[in-house]
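Enquirer: Structure file query.csv (CSV, C-alpha atoms) is given on the next line.
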chain,number,residue,atom,x,y,z
A,1260,MET,CA,-80.3,50.4,21.5
A,1261,ALA,CA,-77.7,51.2,24.1
A,1262,GLU,CA,-77.5,47.4,24.8
A,1263,LYS,CA,-76.9,46.7,21.1
A,1264,LEU,CA,-74.2,49.4,21.0
A,1265,VAL,CA,-72.5,47.8,24.0
A,1266,ALA,CA,-72.8,44.4,22.5
A,1267,VAL,CA,-71.5,45.6,19.1
A,1268,GLN,CA,-68.6,47.5,20.8
A,1269,LYS,CA,-67.8,44.4,22.9
A,1270,GLY,CA,-67.9,42.2,19.8
A,1271,ASN,CA,-65.7,44.8,18.0
A,1272,HIS,CA,-63.3,44.7,20.9
A,1273,GLU,CA,-63.2,40.9,20.8
A,1274,LEU,CA,-62.6,41.0,17.0
A,1275,ILE,CA,-59.8,43.6,17.4
A,1276,ASP,CA,-58.1,41.4,20.1
A,1277,MET,CA,-58.6,38.3,18.0
A,1278,ASN,CA,-57.2,40.2,14.9
A,1279,LYS,CA,-54.1,41.2,17.0
A,1280,LYS,CA,-53.6,37.6,18.2
A,1281,LEU,CA,-54.0,36.3,14.6
A,1282,GLY,CA,-51.5,39.0,13.3
A,1283,LEU,CA,-49.0,37.9,16.0
A,1284,LYS,CA,-49.5,34.3,15.1
A,1285,VAL,CA,-49.1,35.0,11.3
A,1286,ARG,CA,-45.8,36.9,12.1
A,1287,LYS,CA,-44.5,34.0,14.3
A,1288,ASP,CA,-45.5,31.5,11.6
A,1289,SER,CA,-43.8,33.7,8.9
A,1290,GLN,CA,-40.6,33.8,11.0
A,1291,LEU,CA,-40.8,30.0,11.6
A,1292,THR,CA,-41.3,29.5,7.8
A,1293,ASP,CA,-38.3,31.7,7.1
A,1294,VAL,CA,-36.2,29.7,9.6
A,1295,LEU,CA,-37.4,26.4,8.1
A,1296,ASP,CA,-36.7,27.7,4.6
A,1297,ALA,CA,-33.1,28.7,5.6
A,1298,LYS,CA,-32.6,25.2,7.2
A,1299,VAL,CA,-34.0,23.5,4.1
A,1300,GLY,CA,-31.6,25.6,2.0
A,1301,SER,CA,-28.7,24.8,4.2
A,1302,LEU,CA,-29.6,21.1,4.1
A,1303,CYS,CA,-29.8,21.3,0.2
A,1304,VAL,CA,-26.3,22.8,0.1
A,1305,LYS,CA,-25.0,20.1,2.5
A,1306,HIS,CA,-26.7,17.4,0.4
A,1307,ASP,CA,-25.0,18.8,-2.7
A,1308,GLN,CA,-21.6,18.9,-0.9
A,1309,LEU,CA,-22.0,15.3,0.3
A,1310,GLN,CA,-23.0,14.2,-3.2
A,1311,THR,CA,-19.9,15.8,-4.6
A,1312,ALA,CA,-17.7,14.4,-1.9
A,1313,TYR,CA,-19.2,10.9,-2.5
A,1314,ILE,CA,-18.4,11.1,-6.2
A,1315,GLU,CA,-14.9,12.3,-5.5
A,1316,LEU,CA,-14.4,9.4,-3.0
A,1317,LYS,CA,-15.8,7.0,-5.5
A,1318,MET,CA,-13.3,8.2,-8.1
A,1319,LYS,CA,-10.4,8.1,-5.6
A,1320,TYR,CA,-11.4,4.6,-4.6
A,1321,SER,CA,-11.4,3.5,-8.3
A,1322,GLN,CA,-7.9,5.0,-8.7
A,1323,VAL,CA,-6.6,3.3,-5.6
A,1324,LEU,CA,-8.1,0.0,-6.7
A,1325,GLU,CA,-6.4,0.3,-10.1
A,1326,GLU,CA,-3.1,1.2,-8.4
A,1327,ASN,CA,-3.5,-1.9,-6.2
A,1328,ARG,CA,-4.0,-4.1,-9.2
A,1329,THR,CA,-1.0,-2.7,-10.9
A,1330,LEU,CA,1.1,-3.2,-7.7
A,1331,LEU,CA,-0.2,-6.7,-7.3
A,1332,GLN,CA,1.0,-7.4,-10.9
A,1333,LYS,CA,4.4,-6.0,-10.1
A,1334,ILE,CA,4.7,-8.0,-6.9
A,1335,THR,CA,3.8,-11.1,-8.9
A,1336,GLU,CA,6.5,-10.3,-11.4
A,1337,ILE,CA,9.0,-9.7,-8.6
A,1338,LYS,CA,8.1,-13.1,-7.1
A,1339,GLU,CA,8.7,-14.8,-10.4
A,1340,GLU,CA,12.1,-13.0,-10.7
A,1341,LYS,CA,13.0,-14.0,-7.2
A,1342,TRP,CA,12.2,-17.6,-7.9
A,1343,LEU,CA,14.4,-17.5,-11.0
A,1344,VAL,CA,17.2,-16.0,-8.9
A,1345,GLU,CA,16.8,-18.7,-6.3
A,1346,GLN,CA,17.0,-21.3,-9.1
A,1347,GLU,CA,20.2,-19.7,-10.3
A,1348,ASN,CA,21.6,-19.7,-6.8
A,1349,ASP,CA,20.7,-23.4,-6.3
A,1350,ALA,CA,22.5,-24.2,-9.5
A,1351,PHE,CA,25.4,-22.0,-8.5
A,1352,LEU,CA,25.6,-23.7,-5.1
A,1353,LEU,CA,25.5,-27.2,-6.7
A,1354,GLY,CA,28.3,-26.1,-9.0
A,1355,THR,CA,30.2,-24.7,-6.0
A,1356,LEU,CA,29.8,-28.0,-4.2
A,1357,ALA,CA,30.9,-30.0,-7.3
A,1358,LEU,CA,34.0,-27.7,-7.5
A,1359,SER,CA,34.7,-28.2,-3.9
A,1360,ASN,CA,34.7,-32.0,-4.4
A,1361,LEU,CA,36.9,-31.6,-7.4
A,1362,SER,CA,39.3,-29.4,-5.6
A,1363,THR,CA,39.6,-32.1,-2.8
A,1364,THR,CA,40.6,-34.6,-5.5
A,1365,TRP,CA,43.1,-32.2,-7.0
A,1366,MET,CA,44.7,-31.6,-3.6
A,1367,SER,CA,45.9,-35.2,-3.6
A,1368,PHE,CA,47.9,-34.8,-6.8
A,1369,ASP,CA,50.8,-32.7,-5.7
A,1370,SER,CA,52.1,-30.6,-2.8
A,1371,GLU,CA,52.8,-27.5,-4.9
A,1372,LYS,CA,49.2,-27.3,-6.0
A,1373,SER,CA,47.9,-28.1,-2.5
A,1374,ALA,CA,48.4,-24.6,-1.1
A,1375,TYR,CA,46.7,-23.1,-4.2
A,1376,LEU,CA,43.8,-25.6,-4.0
A,1377,LYS,CA,43.4,-25.0,-0.2
A,1378,SER,CA,43.0,-21.3,-1.0
A,1379,ILE,CA,40.3,-22.1,-3.6
A,1380,CYS,CA,38.5,-24.3,-1.0
A,1381,GLU,CA,38.6,-21.5,1.5
A,1382,ASP,CA,37.2,-19.1,-1.1
A,1383,MET,CA,34.5,-21.6,-1.9
A,1384,HIS,CA,33.7,-22.0,1.7
A,1385,ASN,CA,33.5,-18.2,2.1
A,1386,LEU,CA,31.4,-18.1,-1.0
A,1387,HIS,CA,29.1,-20.8,0.4
A,1388,GLY,CA,28.8,-18.7,3.6
A,1389,VAL,CA,28.0,-15.7,1.4
A,1390,ILE,CA,25.4,-17.8,-0.5
A,1391,SER,CA,24.0,-19.0,2.8
A,1392,ASP,CA,23.7,-15.3,3.9
A,1393,PHE,CA,22.2,-14.6,0.5
A,1394,ASP,CA,19.6,-17.3,1.0
A,1395,LYS,CA,18.8,-15.9,4.5
A,1396,GLU,CA,18.5,-12.5,3.0
A,1397,MET,CA,16.2,-13.9,0.3
A,1398,GLY,CA,14.1,-15.5,3.1
A,1399,ILE,CA,14.0,-12.1,4.9
A,1400,LEU,CA,13.0,-10.5,1.6
A,1401,LYS,CA,10.3,-13.1,1.2
A,1402,GLU,CA,9.0,-12.4,4.7
A,1403,LYS,CA,9.2,-8.7,4.1
A,1404,LEU,CA,7.3,-9.1,0.8
A,1405,GLU,CA,4.6,-11.2,2.5
A,1406,MET,CA,4.3,-8.6,5.2
A,1407,LYS,CA,4.1,-5.9,2.7
A,1408,GLU,CA,1.4,-7.7,0.8
A,1409,THR,CA,-0.7,-8.2,3.9
A,1410,GLU,CA,-0.2,-4.6,5.1
A,1411,ASN,CA,-0.5,-3.0,1.7
A,1412,LEU,CA,0.0,0.4,3.4
A,1413,LEU,CA,2.5,1.9,1.1
A,1414,PRO,CA,2.5,-0.4,-1.9
A,1415,LYS,CA,4.4,1.8,-4.3
A,1416,GLU,CA,7.3,2.3,-1.9
A,1417,SER,CA,7.3,-1.3,-1.0
A,1418,VAL,CA,7.6,-2.4,-4.7
A,1419,GLN,CA,10.3,0.1,-5.3
A,1420,ARG,CA,12.2,-1.1,-2.2
A,1421,LEU,CA,11.9,-4.7,-3.3
A,1422,GLU,CA,13.0,-3.8,-6.8
A,1423,ASP,CA,16.1,-2.0,-5.4
A,1424,GLU,CA,16.9,-5.0,-3.1
A,1425,LEU,CA,16.4,-7.4,-6.0
A,1426,HIS,CA,18.7,-5.3,-8.1
A,1427,GLU,CA,21.3,-5.3,-5.3
A,1428,VAL,CA,21.0,-9.0,-5.0
A,1429,ARG,CA,21.4,-9.5,-8.7
A,1430,GLU,CA,24.4,-7.2,-8.7
A,1431,TYR,CA,25.9,-9.1,-5.8
A,1432,ASN,CA,25.1,-12.5,-7.5
A,1433,ASP,CA,26.8,-11.2,-10.7
A,1434,TYR,CA,29.7,-10.1,-8.6
A,1435,LEU,CA,29.9,-13.6,-6.9
A,1436,LYS,CA,29.8,-15.3,-10.3
A,1437,LEU,CA,32.6,-13.0,-11.5
A,1438,GLU,CA,34.6,-13.7,-8.4
A,1439,LEU,CA,34.1,-17.5,-8.8
A,1440,SER,CA,35.1,-17.4,-12.5
A,1441,ILE,CA,38.2,-15.3,-11.7
A,1442,GLY,CA,39.0,-17.6,-8.8
A,1443,LYS,CA,39.1,-20.6,-11.3
The structure in this file should be written as structure tokens.
Expert:
Amino acid sequence: MAEKLVAVQKGNHELIDMNKKLGLKVRKDSQLTDVLDAKVGSLCVKHDQLQTAYIELKMKYSQVLEENRTLLQKITEIKEEKWLVEQENDAFLLGTLALSNLSTTWMSFDSEKSAYLKSICEDMHNLHGVISDFDKEMGILKEKLEMKETENLLPKESVQRLEDELHEVREYNDYLKLELSIGK
């Protein structure tokens, strides 16, 4: 019986050791489960944040796309207006050249009018230089516009700048027309 008692005590001891080891393992597994639950919770929050950020970016992209379409339409309108101004300038230049030829004819009529007509020719020559400068400026504006279209970095400012420059060019063109009509 003593042998049975020793065997039972030995088995009991082994069970107690095994129970302690299992209890330790359960605590470790419980801690690991808590850590993993916290990580899963954190990942869920990050996922929700990323989802929200994605939706916001998608909305901003749509807004920027719409703004780009609007700016492209404005640029197209400005190009058309620029072409009309160039046509007016060409017609104005042809008129200026015709007047220059006419003034040359008038210079032969009398010596008193010669000095006056010479002054008109000089004014027309200056005006031709101004128009040439204007054409160069229009070329520069065209290059700037093309660069702005390709860059498309700050389209709103670009359109506003081009509108301002076009407005200045028109005002200057009106001024030149007025000067020419006064000079007649």
Enquirer: CA of Val1294 (chain A) and CA of Thr1311 (chain A) are how many Å apart?
Expert: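 Going from CA of Val1294 (chain A) over to CA of Thr1311 (chain A) covers 25.7 Å.
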Enquirer: Residues at most 8 Å from Val1418 (chain A), counting all atoms listed in the file, excluding those fewer than 4 positions away in the same chain, as a list in words?
Expert: Leu1330, Lys1333, Ile1334, Pro1414 and Glu1422 of chain A
Enquirer: Those same residues - C-alpha atoms - I'd like them written as a short mmCIF file (atom, residue, chain, number, x, y, z; two decimals), in the coordinates of the input.
Expert:
data_model
loop_
_atom_site.label_atom_id
_atom_site.label_comp_id
_atom_site.auth_asym_id
_atom_site.auth_seq_id
_atom_site.Cartn_x
_atom_site.Cartn_y
_atom_site.Cartn_z
CA LEU A 1330 1.10 -3.20 -7.70
CA LYS A 1333 4.40 -6.00 -10.10
CA ILE A 1334 4.70 -8.00 -6.90
CA PRO A 1414 2.50 -0.40 -1.90
CA GLU A 1422 13.00 -3.80 -6.80
#
Enquirer: What's the separation between CA of Ala1357 (chain A) and CA of Leu1343 (chain A), in Å to one decimal place?
Expert: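 It comes out at 21.0 Å.
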Enquirer: Rank A:Ser1289, A:Asn1385, A:Ser1378, A:Ser1391 by their smallest atom-to-atom distance to Asp1349 (chain A), using only C-alpha atoms, and report the top residue only.
Expert: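 Between A:Ser1289, A:Asn1385, A:Ser1378, A:Ser1391, the residue approaching Asp1349 (chain A) most closely is A:Ser1391.
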Enquirer: How many Å lie between CA of Ala1350 (chain A) and CA of Glu1438 (chain A), rounded to one decimal?
Expert: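 Answer for the CA of Ala1350 (chain A) to CA of Glu1438 (chain A) separation: 16.1 Å.
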Enquirer: Can you pull out the residues contacting Leu1421 (chain A)? Cut-off 9 Å, using all atoms listed in the file, and skip same-chain residues under 2 positions away; I want them as a ChimeraX atom specification.
Expert: /A:1334,1337,1400,1403-1404,1416-1419,1423-1426
Enquirer: Next, dump the selected residues to file, keeping only C-alpha atoms, as a short mmCIF file (atom, residue, chain, number, x, y, z; two decimals), in the frame of the given file.
Expert:
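Listing of selection28.cif after writing:
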data_model
loop_
_atom_site.label_atom_id
_atom_site.label_comp_id
_atom_site.auth_asym_id
_atom_site.auth_seq_id
_atom_site.Cartn_x
_atom_site.Cartn_y
_atom_site.Cartn_z
CA ILE A 1334 4.70 -8.00 -6.90
CA ILE A 1337 9.00 -9.70 -8.60
CA LEU A 1400 13.00 -10.50 1.60
CA LYS A 1403 9.20 -8.70 4.10
CA LEU A 1404 7.30 -9.10 0.80
CA GLU A 1416 7.30 2.30 -1.90
CA SER A 1417 7.30 -1.30 -1.00
CA VAL A 1418 7.60 -2.40 -4.70
CA GLN A 1419 10.30 0.10 -5.30
CA ASP A 1423 16.10 -2.00 -5.40
CA GLU A 1424 16.90 -5.00 -3.10
CA LEU A 1425 16.40 -7.40 -6.00
CA HIS A 1426 18.70 -5.30 -8.10
#
Enquirer: Env of Met1383 (chain A): 12 Å cut, atoms = only C-alpha atoms, seq-sep filter 3 positions within chain, self excluded. Answer as a ChimeraX atom specification.
Expert: /A:1351-1363,1376-1380,1386-1391,1435-1436,1438-1440,1442-1443
